[in-house]
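S.K.: This structure is in structure tokens; I'll ask about it shortly.
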Amino acid sequence: MNEVRVRYAPSPTGFLHIGGLRTALYNYLFARRHSGKFILRIEDTDRTRYVEGAVQDFIEVFDWAGIDFDEGPNRDGGFGPYYQSERLDIYKKHAQQLLEAGHAYRCFCSSERLEQMRKFQERSKLPPKYDRLCFRLSSDQIQKNIEQGVPHTLRMRVPDNTVIRFKDHIREEVEFNTDNLDDQVLMKSDGFPTYHLANVIDDHLMKISHVIRGEEWVSSTPKHILLYQYFGWEIPEFAHLPLLLNSDRTKMSKRQGDVEARAYPPKGYLKEALINFIALLGWNPGDEREIFSMEELIREFSIDRIHKAGAIFNLEKLNWLNTQHIRMKSDEDIFQMLKPYIENSEYVNFPKLYFLEVISLMKERINFIPEILTFSNYFFRDPETFDPAGVKKRWSPSAKTHLTALAEKLKDITPFTHTEIETVYRIYADESKIKGADLIHPTRLAITGVTLGPSLFEMMQVLGKETVLRRLLYAIGHFDDILKTAQQSA
RNA sequence: GGCGCAUUCGUCUAACGGUUAGGACGCAGCCCUCUCAAGGCUGUAAUACGGGUUCGAUUCCCGUAUGCGCUACCA
């Protein structure tokens with residue numbers, strides 16, 4: 001195999017969506033797997049749909065996700081420029097070449113005429129194709145039109161009744177008859193090329209070895225092959241990826257969940273989880289492993305194992321993968337990810353060391369990074385409310401007596417470590433002939449206000465003696481009020 | 001409508017002619033346990049349909065159905 005060179009070639013008509021991210025990822029994995037190059041090319045030939053900031057968004061998301069391209073905007077690899085809008089001369093030159101060889105012709109038809117023609121064809125149940133009116137123009141007429149400055153496009157001349165076959169790495173052999181192909185516009189009247197022309201020229205000039213793109217391009221591939229043949233160029237390998245779908249099996253779009261990749265990081269998704277997840281949407285290693293790092297994906301990835309059918313983006317599995325990857329992170333890494341949320345919270349003043357301790361207790365209990373702050377806010381503030389159901393279940397008059405006695409004992413514990421605390425609790429339970437649980441639950445409720453959370457004794461250690469005693473004393477002091485409130489809450 | 005592509009548990013998927021059709025998410029139950037998670041175990045649930053080919057089809061072929069893509073001077 002020659003050097004592997006692949007590209008992700010988005011059109012900046014919107015921010016990067018999940019499907020695009022997966023296409024880019026597969027290209028990237030394939031390139032790295034084969035020690036090749038991954039190129040980012042911006043296909044900005046449609047000036048009417050251009051979205052400001054889209055290119056910036058692509059680059060930011062790739063940067064976040066760890067998909068680094070070898071060539072592209074601001075990363076010259078000797079095959080630039082990488083914006084198609086800066087390559088207009090190249091397209092013009094090649095278009096001229098096709099024109100001279102008779103593989104393309106000028107079309108002076110107005111968009112009004114084309115539209116009427118299409119409507120008629122639709123009504124008559126004919127295949128919608130250009131009727132080649134301008135192909136039959138005499139050279140005199142063409143000359144006259146040009147002199148009069150009639151705007152025109154350049155269309156490719158598709159041969160009649162010819163079968164075009166190509167081998168797709170994912171779907172075996174695909175076959176088209178050229179009779180079903182339109183004389184595609186190659187150059188628009190504004191001087192910009194269409195996707196088909198620019199794409200083929202750039203893929204060739206940039207020495208792209210494998211075209212890995214979405215399934216929506218399968219039906220245009222025969223046109224591209226024709227162009228390669230017209231130019232006398234070597235045809236690259238093709239792999240058309242299955243589409244990503246909404247939960248109702250329609251093509252993935254907005255309205256249903258977040259399709260823009262940029263929406264995921266702020267929600268607390270790890271790049272490792274997102275990458276892992278989308279890699280598995282249409283690909284699998286052939287065994288039962290499911291957790292992969294980028295390095296492992298690069299090592300294992302193979303085009304031949306890409307699935308054929310479209311896949312629904314299943315958020316629940318992504319969430320599960322997120323918890324898996326969170327648990328594999330160090331406390332320090334999680335702290336770094338949590339930092340922006342801390343800075344935006346009222347807890348900014350707590351020391352880093354304290355957060356690290358909270359993280360080590362919480363990281364196996366959360367699905368998303370920011371939940372460390374929201375689920376366990378009792379690490380940062382005294383409880384103001386007490387879960388009524390928990391109170392009703394756990395607070396008995398005897399609990400008040402025990403809590404009072406325990407508060408007294410806790411004062412003397414030094415160092416205030418979870419083992420020491422637990423020992424005191426266990427001994428007290430034994431002496432009082434009650435179950436540990438009957439002490440633990442009321443204590444938890446008293447110092448956190450809720451019935452869930454990490455191991456009580458470890459939590460007490462992190463909170464510190466002072467805070468624990470303050471909360472305990474408060475709860476004992478308001479014991480009856482809290483109980484009454486809980487009972488009233490039905 | 002035409003052309004193309006696809007079709008295994010609800011979802012992501014494995015099985016490339018012979019399996020009690022496997023795994024994962026989700027859901028349910030049990031175990032563990034100071035709660036919640038996590039973990040362990042068990043359960044739940046699928047080859048779209050109809051014909052062939054074959055000793056034998058999830059697997060190969062042909063139809064049908066369904067879904068999706070394309071059918072622009074959009075990509």
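Going by the structure tokens order, chains are called A, B, ..., each with residues numbered from 1, while ligands are numbered from 1 in the order shown.
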Mind the document's chain letters and residue numbers, and return as a VMD selection string the residues of range 70-209 of chain A that DSSP labels alpha helix (DSSP H).
M.R.: chain A and resid 88 to 100 111 to 123 139 to 147 195 to 205
S.K.: Export C-alpha atoms of the chosen residues as an mmCIF file, in the first residue's frame?
M.R.:
data_model
loop_
_atom_site.group_PDB
_atom_site.id
_atom_site.type_symbol
_atom_site.label_atom_id
_atom_site.label_comp_id
_atom_site.auth_asym_id
_atom_site.auth_seq_id
_atom_site.Cartn_x
_atom_site.Cartn_y
_atom_site.Cartn_z
ATOM 1 C CA LEU A 88 -10.293 28.556 -7.255
ATOM 2 C CA ASP A 89 -7.561 28.881 -9.908
ATOM 3 C CA ILE A 90 -6.802 25.201 -9.599
ATOM 4 C CA TYR A 91 -10.420 24.250 -10.219
ATOM 5 C CA LYS A 92 -10.720 26.631 -13.138
ATOM 6 C CA LYS A 93 -7.685 25.202 -14.804
ATOM 7 C CA HIS A 94 -8.936 21.659 -14.471
ATOM 8 C CA ALA A 95 -12.432 22.576 -15.559
ATOM 9 C CA GLN A 96 -10.984 24.092 -18.691
ATOM 10 C CA GLN A 97 -9.158 20.866 -19.314
ATOM 11 C CA LEU A 98 -12.403 18.887 -19.147
ATOM 12 C CA LEU A 99 -14.100 21.366 -21.438
ATOM 13 C CA GLU A 100 -11.405 21.068 -24.053
ATOM 14 C CA SER A 111 -32.424 28.280 -12.919
ATOM 15 C CA GLU A 112 -36.034 29.084 -13.830
ATOM 16 C CA ARG A 113 -35.889 26.850 -16.854
ATOM 17 C CA LEU A 114 -34.237 24.093 -14.895
ATOM 18 C CA GLU A 115 -36.884 24.276 -12.244
ATOM 19 C CA GLN A 116 -39.688 24.130 -14.781
ATOM 20 C CA MET A 117 -38.047 21.182 -16.433
ATOM 21 C CA ARG A 118 -37.800 19.361 -13.126
ATOM 22 C CA LYS A 119 -41.425 20.029 -12.321
ATOM 23 C CA PHE A 120 -42.483 18.684 -15.666
ATOM 24 C CA GLN A 121 -40.366 15.581 -15.221
ATOM 25 C CA GLU A 122 -41.802 15.031 -11.807
ATOM 26 C CA ARG A 123 -45.355 15.316 -13.093
ATOM 27 C CA SER A 139 -20.425 26.484 -31.490
ATOM 28 C CA ASP A 140 -21.794 29.708 -33.005
ATOM 29 C CA GLN A 141 -24.551 29.892 -30.418
ATOM 30 C CA ILE A 142 -22.133 29.150 -27.618
ATOM 31 C CA GLN A 143 -19.782 31.853 -28.874
ATOM 32 C CA LYS A 144 -22.635 34.316 -29.069
ATOM 33 C CA ASN A 145 -23.813 33.558 -25.547
ATOM 34 C CA ILE A 146 -20.330 34.018 -24.191
ATOM 35 C CA GLU A 147 -19.925 37.337 -25.979
ATOM 36 C CA TYR A 195 -18.470 19.656 -4.303
ATOM 37 C CA HIS A 196 -18.020 16.965 -6.902
ATOM 38 C CA LEU A 197 -15.365 18.728 -8.931
ATOM 39 C CA ALA A 198 -13.456 20.302 -6.058
ATOM 40 C CA ASN A 199 -13.513 17.131 -4.045
ATOM 41 C CA VAL A 200 -12.090 14.962 -6.789
ATOM 42 C CA ILE A 201 -9.416 17.452 -7.766
ATOM 43 C CA ASP A 202 -8.314 18.016 -4.190
ATOM 44 C CA ASP A 203 -8.322 14.368 -3.268
ATOM 45 C CA HIS A 204 -6.058 13.725 -6.193
ATOM 46 C CA LEU A 205 -3.781 16.692 -5.691
#
S.K.: Using only C-alpha atoms (C1' of nucleotides), determine which residues of chain A fall within 6 Å of chain B; present them as a list in words.
M.R.: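 Filtering chain A at 6 Å from chain B with only C-alpha atoms (C1' of nucleotides) gives Lys125, Pro127, Lys188, Glu216, Ser219, Glu288, Ala309, Lys317, Arg365, Ala437, Ile440, Thr451, Leu452 and Gly453 of chain A.
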S.K.: Those selected residues, please, written with C-alpha atoms and delivered as a PDB file, in the first residue's frame.
M.R.:
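Everything below was put into again25.pdb:
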ATOM      1  CA  LYS A 125     -42.887  10.534 -13.634  1.00  0.00           C
ATOM      2  CA  PRO A 127     -36.281  10.601 -13.898  1.00  0.00           C
ATOM      3  CA  LYS A 188     -21.308  27.202 -10.830  1.00  0.00           C
ATOM      4  CA  GLU A 216     -24.919   9.869   1.795  1.00  0.00           C
ATOM      5  CA  SER A 219     -24.778   7.699  -5.034  1.00  0.00           C
ATOM      6  CA  GLU A 288     -16.109  -8.496  23.829  1.00  0.00           C
ATOM      7  CA  ALA A 309     -26.309  -0.434   8.966  1.00  0.00           C
ATOM      8  CA  LYS A 317     -24.669   3.768  26.962  1.00  0.00           C
ATOM      9  CA  ARG A 365     -20.776   7.603  42.535  1.00  0.00           C
ATOM     10  CA  ALA A 437     -27.005   0.785  61.269  1.00  0.00           C
ATOM     11  CA  ILE A 440     -25.066   5.263  61.245  1.00  0.00           C
ATOM     12  CA  THR A 451     -29.841   9.306  53.048  1.00  0.00           C
ATOM     13  CA  LEU A 452     -27.324   8.640  50.347  1.00  0.00           C
ATOM     14  CA  GLY A 453     -23.655   9.239  49.858  1.00  0.00           C
TER      15      GLY A 453
END
S.K.: Residues of range 276-340 of chain A that have any atom at most 12 Å from an atom of range 262-268 of chain A: could you tabulate them with the shortest-distance atom pair and the distance in Å to one decimal, using only C-alpha atoms, ordered by chain and increasing number, as a Markdown table?
M.R.:
| residue | atom | partner | partner_atom | distance |
| --- | --- | --- | --- | --- |
| A:Leu315 | CA | A:Tyr264 | CA | 11.2 |
| A:Leu318 | CA | A:Tyr264 | CA | 10.7 |
| A:Asn319 | CA | A:Gly268 | CA | 10.1 |
| A:Asn322 | CA | A:Gly268 | CA | 8.8 |
| A:Thr323 | CA | A:Gly268 | CA | 10.5 |
| A:His325 | CA | A:Gly268 | CA | 11.7 |
| A:Ile326 | CA | A:Gly268 | CA | 10.0 |
| A:Ile334 | CA | A:Gly268 | CA | 10.4 |
| A:Met337 | CA | A:Gly268 | CA | 8.3 |
| A:Leu338 | CA | A:Gly268 | CA | 8.6 |
| A:Lys339 | CA | A:Gly268 | CA | 11.6 |
| A:Pro340 | CA | A:Pro266 | CA | 9.6 |
S.K.: List every residue of range 228-350 of chain A that DSSP, applied to the backbone of this structure, assigns to strand (DSSP E or B), and report them as a VMD selection string.
M.R.: chain A and resid 237 to 241 244 to 245 251 260 283 306 311 to 312
S.K.: Store the residues picked out above in a file with N, CA and C atoms, as a short mmCIF file (atom, residue, chain, number, x, y, z; two decimals), in the first residue's frame.
M.R.:
data_model
loop_
_atom_site.label_atom_id
_atom_site.label_comp_id
_atom_site.auth_asym_id
_atom_site.auth_seq_id
_atom_site.Cartn_x
_atom_site.Cartn_y
_atom_site.Cartn_z
N GLU A 237 -9.34 4.50 -2.87
CA GLU A 237 -10.20 3.49 -2.25
C GLU A 237 -11.38 4.21 -1.60
N PHE A 238 -12.52 3.54 -1.55
CA PHE A 238 -13.69 4.16 -0.92
C PHE A 238 -14.20 3.34 0.25
N ALA A 239 -14.67 4.05 1.25
CA ALA A 239 -15.35 3.41 2.39
C ALA A 239 -16.46 4.35 2.82
N HIS A 240 -17.69 3.90 2.65
CA HIS A 240 -18.83 4.75 3.01
C HIS A 240 -19.43 4.31 4.34
N LEU A 241 -19.35 5.20 5.29
CA LEU A 241 -19.75 4.91 6.67
C LEU A 241 -21.27 4.92 6.84
N LEU A 244 -25.50 7.94 11.30
CA LEU A 244 -25.95 8.00 12.69
C LEU A 244 -27.40 8.45 12.68
N LEU A 245 -28.20 7.79 13.50
CA LEU A 245 -29.65 7.99 13.43
C LEU A 245 -30.24 8.55 14.72
N LYS A 251 -32.45 10.19 9.92
CA LYS A 251 -31.07 10.67 9.94
C LYS A 251 -30.88 11.65 11.09
N GLU A 260 -24.71 18.58 18.30
CA GLU A 260 -23.45 19.30 18.18
C GLU A 260 -22.45 18.79 19.21
N TRP A 283 -18.58 0.21 14.74
CA TRP A 283 -17.34 -0.56 14.68
C TRP A 283 -17.20 -1.35 15.96
N ILE A 306 -16.10 -2.40 10.15
CA ILE A 306 -17.15 -1.39 10.26
C ILE A 306 -18.47 -2.02 9.81
N ALA A 311 -26.74 3.48 12.88
CA ALA A 311 -26.81 3.24 14.32
C ALA A 311 -27.46 4.41 15.04
N ILE A 312 -28.28 4.06 16.01
CA ILE A 312 -28.92 5.09 16.83
C ILE A 312 -27.96 5.50 17.95
#
S.K.: Residues within 10 Å of range 42-56 of chain B, please, as a list in words. Count only C-alpha atoms (C1' of nucleotides); anything in the same chain fewer than 6 positions from it doesn't count.
M.R.: U7, U8, C9, G10, G17, G18, A21, C27, A28, G29, C30, C62, G63, U64, A65 and U66 of chain B
S.K.: Any idea what's packed within 12 Å of range 162-178 of chain A, counting only C-alpha atoms (C1' of nucleotides), ignoring anything in its chain fewer than 3 positions away? Could you give it as a PyMOL selection string?
M.R.: (chain A and resi 129+157-159+181-184+210-215+217-227+229+235-242+282-283+302-309) or (chain B and resi 3-6)
S.K.: Export N, CA and C atoms (P, O5', C5', C4', C3', O3' and C1' of nucleotides) of the chosen residues as a short mmCIF file (atom, residue, chain, number, x, y, z; two decimals), in the first residue's frame?
M.R.:
data_model
loop_
_atom_site.label_atom_id
_atom_site.label_comp_id
_atom_site.auth_asym_id
_atom_site.auth_seq_id
_atom_site.Cartn_x
_atom_site.Cartn_y
_atom_site.Cartn_z
N LYS A 129 -33.59 14.67 -14.66
CA LYS A 129 -32.23 14.83 -15.20
C LYS A 129 -32.19 16.03 -16.13
N ARG A 157 -20.18 15.74 -18.88
CA ARG A 157 -20.88 14.91 -19.85
C ARG A 157 -20.80 13.47 -19.37
N VAL A 158 -21.96 12.94 -19.01
CA VAL A 158 -22.00 11.56 -18.52
C VAL A 158 -22.28 10.64 -19.70
N PRO A 159 -21.51 9.58 -19.86
CA PRO A 159 -21.73 8.67 -20.99
C PRO A 159 -23.06 7.93 -20.87
N LEU A 181 -27.60 8.74 -14.07
CA LEU A 181 -26.79 9.84 -13.57
C LEU A 181 -27.11 11.12 -14.32
N ASP A 182 -27.09 12.20 -13.61
CA ASP A 182 -27.36 13.50 -14.20
C ASP A 182 -26.06 14.10 -14.74
N ASP A 183 -26.18 14.98 -15.73
CA ASP A 183 -25.02 15.75 -16.17
C ASP A 183 -24.75 16.81 -15.10
N GLN A 184 -24.07 16.39 -14.10
CA GLN A 184 -23.84 17.21 -12.91
C GLN A 184 -23.15 18.54 -13.21
N HIS A 210 -7.43 7.00 0.63
CA HIS A 210 -8.70 6.39 1.00
C HIS A 210 -9.73 7.47 1.29
N VAL A 211 -10.83 7.38 0.61
CA VAL A 211 -11.92 8.32 0.86
C VAL A 211 -12.88 7.66 1.84
N ILE A 212 -12.85 8.12 3.08
CA ILE A 212 -13.72 7.57 4.11
C ILE A 212 -14.73 8.66 4.48
N ARG A 213 -15.96 8.46 4.09
CA ARG A 213 -16.96 9.50 4.26
C ARG A 213 -18.33 8.88 4.53
N GLY A 214 -19.34 9.73 4.74
CA GLY A 214 -20.66 9.24 5.09
C GLY A 214 -21.37 8.55 3.93
N GLU A 215 -22.32 7.72 4.28
CA GLU A 215 -23.06 6.93 3.31
C GLU A 215 -23.84 7.79 2.32
N TRP A 217 -22.91 9.76 0.43
CA TRP A 217 -22.13 10.02 -0.77
C TRP A 217 -22.07 8.85 -1.72
N VAL A 218 -22.65 7.75 -1.35
CA VAL A 218 -22.55 6.56 -2.21
C VAL A 218 -23.06 6.86 -3.61
N SER A 219 -24.21 7.49 -3.70
CA SER A 219 -24.78 7.70 -5.03
C SER A 219 -24.03 8.73 -5.86
N SER A 220 -23.19 9.53 -5.24
CA SER A 220 -22.40 10.46 -6.07
C SER A 220 -21.08 9.86 -6.50
N THR A 221 -20.72 8.76 -5.88
CA THR A 221 -19.41 8.18 -6.18
C THR A 221 -19.19 7.85 -7.66
N PRO A 222 -20.19 7.30 -8.36
CA PRO A 222 -19.95 7.05 -9.79
C PRO A 222 -19.59 8.31 -10.57
N LYS A 223 -20.18 9.43 -10.21
CA LYS A 223 -19.81 10.68 -10.88
C LYS A 223 -18.34 11.00 -10.62
N HIS A 224 -17.92 10.76 -9.38
CA HIS A 224 -16.54 11.05 -9.02
C HIS A 224 -15.59 10.13 -9.78
N ILE A 225 -16.01 8.89 -9.90
CA ILE A 225 -15.16 7.93 -10.62
C ILE A 225 -15.01 8.35 -12.08
N LEU A 226 -16.10 8.80 -12.64
CA LEU A 226 -16.06 9.30 -14.02
C LEU A 226 -15.06 10.44 -14.15
N LEU A 227 -15.09 11.32 -13.18
CA LEU A 227 -14.17 12.45 -13.22
C LEU A 227 -12.71 11.99 -13.14
N GLN A 229 -11.60 9.28 -14.15
CA GLN A 229 -11.28 8.68 -15.45
C GLN A 229 -11.03 9.76 -16.50
N ILE A 235 -7.86 6.10 -9.13
CA ILE A 235 -9.04 6.22 -8.28
C ILE A 235 -8.70 5.75 -6.87
N PRO A 236 -9.03 6.56 -5.87
CA PRO A 236 -8.72 6.15 -4.49
C PRO A 236 -9.64 5.03 -4.01
N GLU A 237 -9.34 4.50 -2.87
CA GLU A 237 -10.20 3.49 -2.25
C GLU A 237 -11.38 4.21 -1.60
N PHE A 238 -12.52 3.54 -1.55
CA PHE A 238 -13.69 4.16 -0.92
C PHE A 238 -14.20 3.34 0.25
N ALA A 239 -14.67 4.05 1.25
CA ALA A 239 -15.35 3.41 2.39
C ALA A 239 -16.46 4.35 2.82
N HIS A 240 -17.69 3.90 2.65
CA HIS A 240 -18.83 4.75 3.01
C HIS A 240 -19.43 4.31 4.34
N LEU A 241 -19.35 5.20 5.29
CA LEU A 241 -19.75 4.91 6.67
C LEU A 241 -21.27 4.92 6.84
N PRO A 242 -21.77 4.01 7.66
CA PRO A 242 -23.21 4.03 7.95
C PRO A 242 -23.57 5.32 8.69
N GLY A 282 -20.86 1.53 15.15
CA GLY A 282 -20.58 1.13 13.78
C GLY A 282 -19.28 0.36 13.63
N TRP A 283 -18.58 0.21 14.74
CA TRP A 283 -17.34 -0.56 14.68
C TRP A 283 -17.20 -1.35 15.96
N SER A 302 -9.98 -1.18 12.33
CA SER A 302 -9.87 -1.73 11.00
C SER A 302 -11.16 -1.43 10.23
N ILE A 303 -11.00 -0.95 9.04
CA ILE A 303 -12.16 -0.61 8.21
C ILE A 303 -13.05 -1.82 7.97
N ASP A 304 -12.42 -2.98 7.87
CA ASP A 304 -13.17 -4.18 7.55
C ASP A 304 -14.17 -4.56 8.64
N ARG A 305 -13.97 -4.02 9.82
CA ARG A 305 -14.89 -4.36 10.89
C ARG A 305 -15.96 -3.29 11.10
N ILE A 306 -16.10 -2.40 10.15
CA ILE A 306 -17.15 -1.39 10.26
C ILE A 306 -18.47 -2.02 9.81
N HIS A 307 -19.49 -1.75 10.59
CA HIS A 307 -20.81 -2.30 10.36
C HIS A 307 -21.48 -1.60 9.19
N LYS A 308 -22.47 -2.25 8.58
CA LYS A 308 -23.09 -1.66 7.40
C LYS A 308 -24.29 -0.77 7.71
N ALA A 309 -25.05 -1.13 8.73
CA ALA A 309 -26.31 -0.43 8.97
C ALA A 309 -26.14 0.77 9.88
P C B 3 -35.30 1.83 -10.80
"O5'" C B 3 -33.90 2.33 -10.23
"C5'" C B 3 -32.87 2.74 -11.12
"C4'" C B 3 -31.75 3.38 -10.34
"C3'" C B 3 -31.22 2.58 -9.17
"O3'" C B 3 -30.34 1.55 -9.56
"C1'" C B 3 -31.55 4.81 -8.49
P G B 4 -30.28 0.22 -8.67
"O5'" G B 4 -29.48 0.71 -7.39
"C5'" G B 4 -28.15 1.18 -7.51
"C4'" G B 4 -27.72 1.83 -6.23
"C3'" G B 4 -27.75 0.95 -4.99
"O3'" G B 4 -26.60 0.13 -4.93
"C1'" G B 4 -28.72 3.02 -4.48
P C B 5 -26.69 -1.27 -4.16
"O5'" C B 5 -26.74 -0.81 -2.63
"C5'" C B 5 -25.63 -0.15 -2.05
"C4'" C B 5 -25.99 0.32 -0.66
"C3'" C B 5 -26.48 -0.76 0.29
"O3'" C B 5 -25.41 -1.50 0.85
"C1'" C B 5 -27.88 1.12 0.46
P A B 6 -25.72 -2.99 1.31
"O5'" A B 6 -26.70 -2.78 2.54
"C5'" A B 6 -26.18 -2.59 3.85
"C4'" A B 6 -27.26 -2.08 4.76
"C3'" A B 6 -28.11 -3.13 5.44
"O3'" A B 6 -27.44 -3.65 6.57
"C1'" A B 6 -29.49 -1.40 4.61
#
S.K.: Nearest to Ala279 in chain A: which of A:Phe380, A:Trp395, A:Tyr425, A:Phe313 is it, counting only C-alpha atoms?
M.R.: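 Nearest candidate to Ala279 in chain A out of A:Phe380, A:Trp395, A:Tyr425, A:Phe313: A:Phe313.
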S.K.: Within 10 Å of Asp331 in chain A, counting only C-alpha atoms (C1' of nucleotides), which residues show up once you throw out same-chain ones fewer than 3 positions away? Write them as a ChimeraX atom specification, please.
M.R.: /A:326-328,334-337,355-363
S.K.: Got time to write the residues from that selection, N, CA and C atoms, as an mmCIF file, in the first residue's frame?
M.R.:
data_model
loop_
_atom_site.group_PDB
_atom_site.id
_atom_site.type_symbol
_atom_site.label_atom_id
_atom_site.label_comp_id
_atom_site.auth_asym_id
_atom_site.auth_seq_id
_atom_site.Cartn_x
_atom_site.Cartn_y
_atom_site.Cartn_z
ATOM 1 N N ILE A 326 -14.605 7.904 34.073
ATOM 2 C CA ILE A 326 -14.359 8.751 35.247
ATOM 3 C C ILE A 326 -13.613 7.943 36.300
ATOM 4 N N ARG A 327 -14.037 6.710 36.461
ATOM 5 C CA ARG A 327 -13.426 5.883 37.494
ATOM 6 C C ARG A 327 -11.979 5.535 37.186
ATOM 7 N N MET A 328 -11.607 5.623 35.927
ATOM 8 C CA MET A 328 -10.230 5.328 35.546
ATOM 9 C C MET A 328 -9.316 6.537 35.693
ATOM 10 N N ILE A 334 -9.459 14.584 37.679
ATOM 11 C CA ILE A 334 -10.849 14.979 37.863
ATOM 12 C C ILE A 334 -10.924 16.390 38.433
ATOM 13 N N PHE A 335 -9.995 16.684 39.332
ATOM 14 C CA PHE A 335 -9.976 18.040 39.877
ATOM 15 C C PHE A 335 -9.798 19.063 38.761
ATOM 16 N N GLN A 336 -8.885 18.769 37.856
ATOM 17 C CA GLN A 336 -8.645 19.713 36.741
ATOM 18 C C GLN A 336 -9.909 19.907 35.909
ATOM 19 N N MET A 337 -10.656 18.825 35.721
ATOM 20 C CA MET A 337 -11.886 18.939 34.924
ATOM 21 C C MET A 337 -12.982 19.648 35.712
ATOM 22 N N PHE A 355 -10.974 19.410 47.993
ATOM 23 C CA PHE A 355 -11.676 18.895 46.810
ATOM 24 C C PHE A 355 -11.165 17.512 46.424
ATOM 25 N N LEU A 356 -9.858 17.351 46.524
ATOM 26 C CA LEU A 356 -9.264 16.059 46.183
ATOM 27 C C LEU A 356 -9.846 14.952 47.061
ATOM 28 N N GLU A 357 -10.041 15.260 48.333
ATOM 29 C CA GLU A 357 -10.607 14.253 49.237
ATOM 30 C C GLU A 357 -12.063 13.952 48.895
ATOM 31 N N VAL A 358 -12.792 15.006 48.583
ATOM 32 C CA VAL A 358 -14.188 14.820 48.185
ATOM 33 C C VAL A 358 -14.247 13.976 46.917
ATOM 34 N N ILE A 359 -13.378 14.306 45.971
ATOM 35 C CA ILE A 359 -13.356 13.579 44.698
ATOM 36 C C ILE A 359 -13.098 12.095 44.912
ATOM 37 N N SER A 360 -12.157 11.786 45.800
ATOM 38 C CA SER A 360 -11.834 10.367 45.961
ATOM 39 C C SER A 360 -13.031 9.602 46.553
ATOM 40 N N LEU A 361 -13.847 10.292 47.325
ATOM 41 C CA LEU A 361 -15.029 9.618 47.862
ATOM 42 C C LEU A 361 -16.179 9.581 46.852
ATOM 43 N N MET A 362 -16.225 10.541 45.975
ATOM 44 C CA MET A 362 -17.382 10.693 45.101
ATOM 45 C C MET A 362 -17.224 10.139 43.697
ATOM 46 N N LYS A 363 -16.002 9.941 43.256
ATOM 47 C CA LYS A 363 -15.840 9.674 41.829
ATOM 48 C C LYS A 363 -16.472 8.360 41.358
#
S.K.: Counting only C-alpha atoms, which of A:Met460, A:Leu25, A:Met187, A:Ala54 gets nearest to Leu297 in chain A?
M.R.: A:Leu25
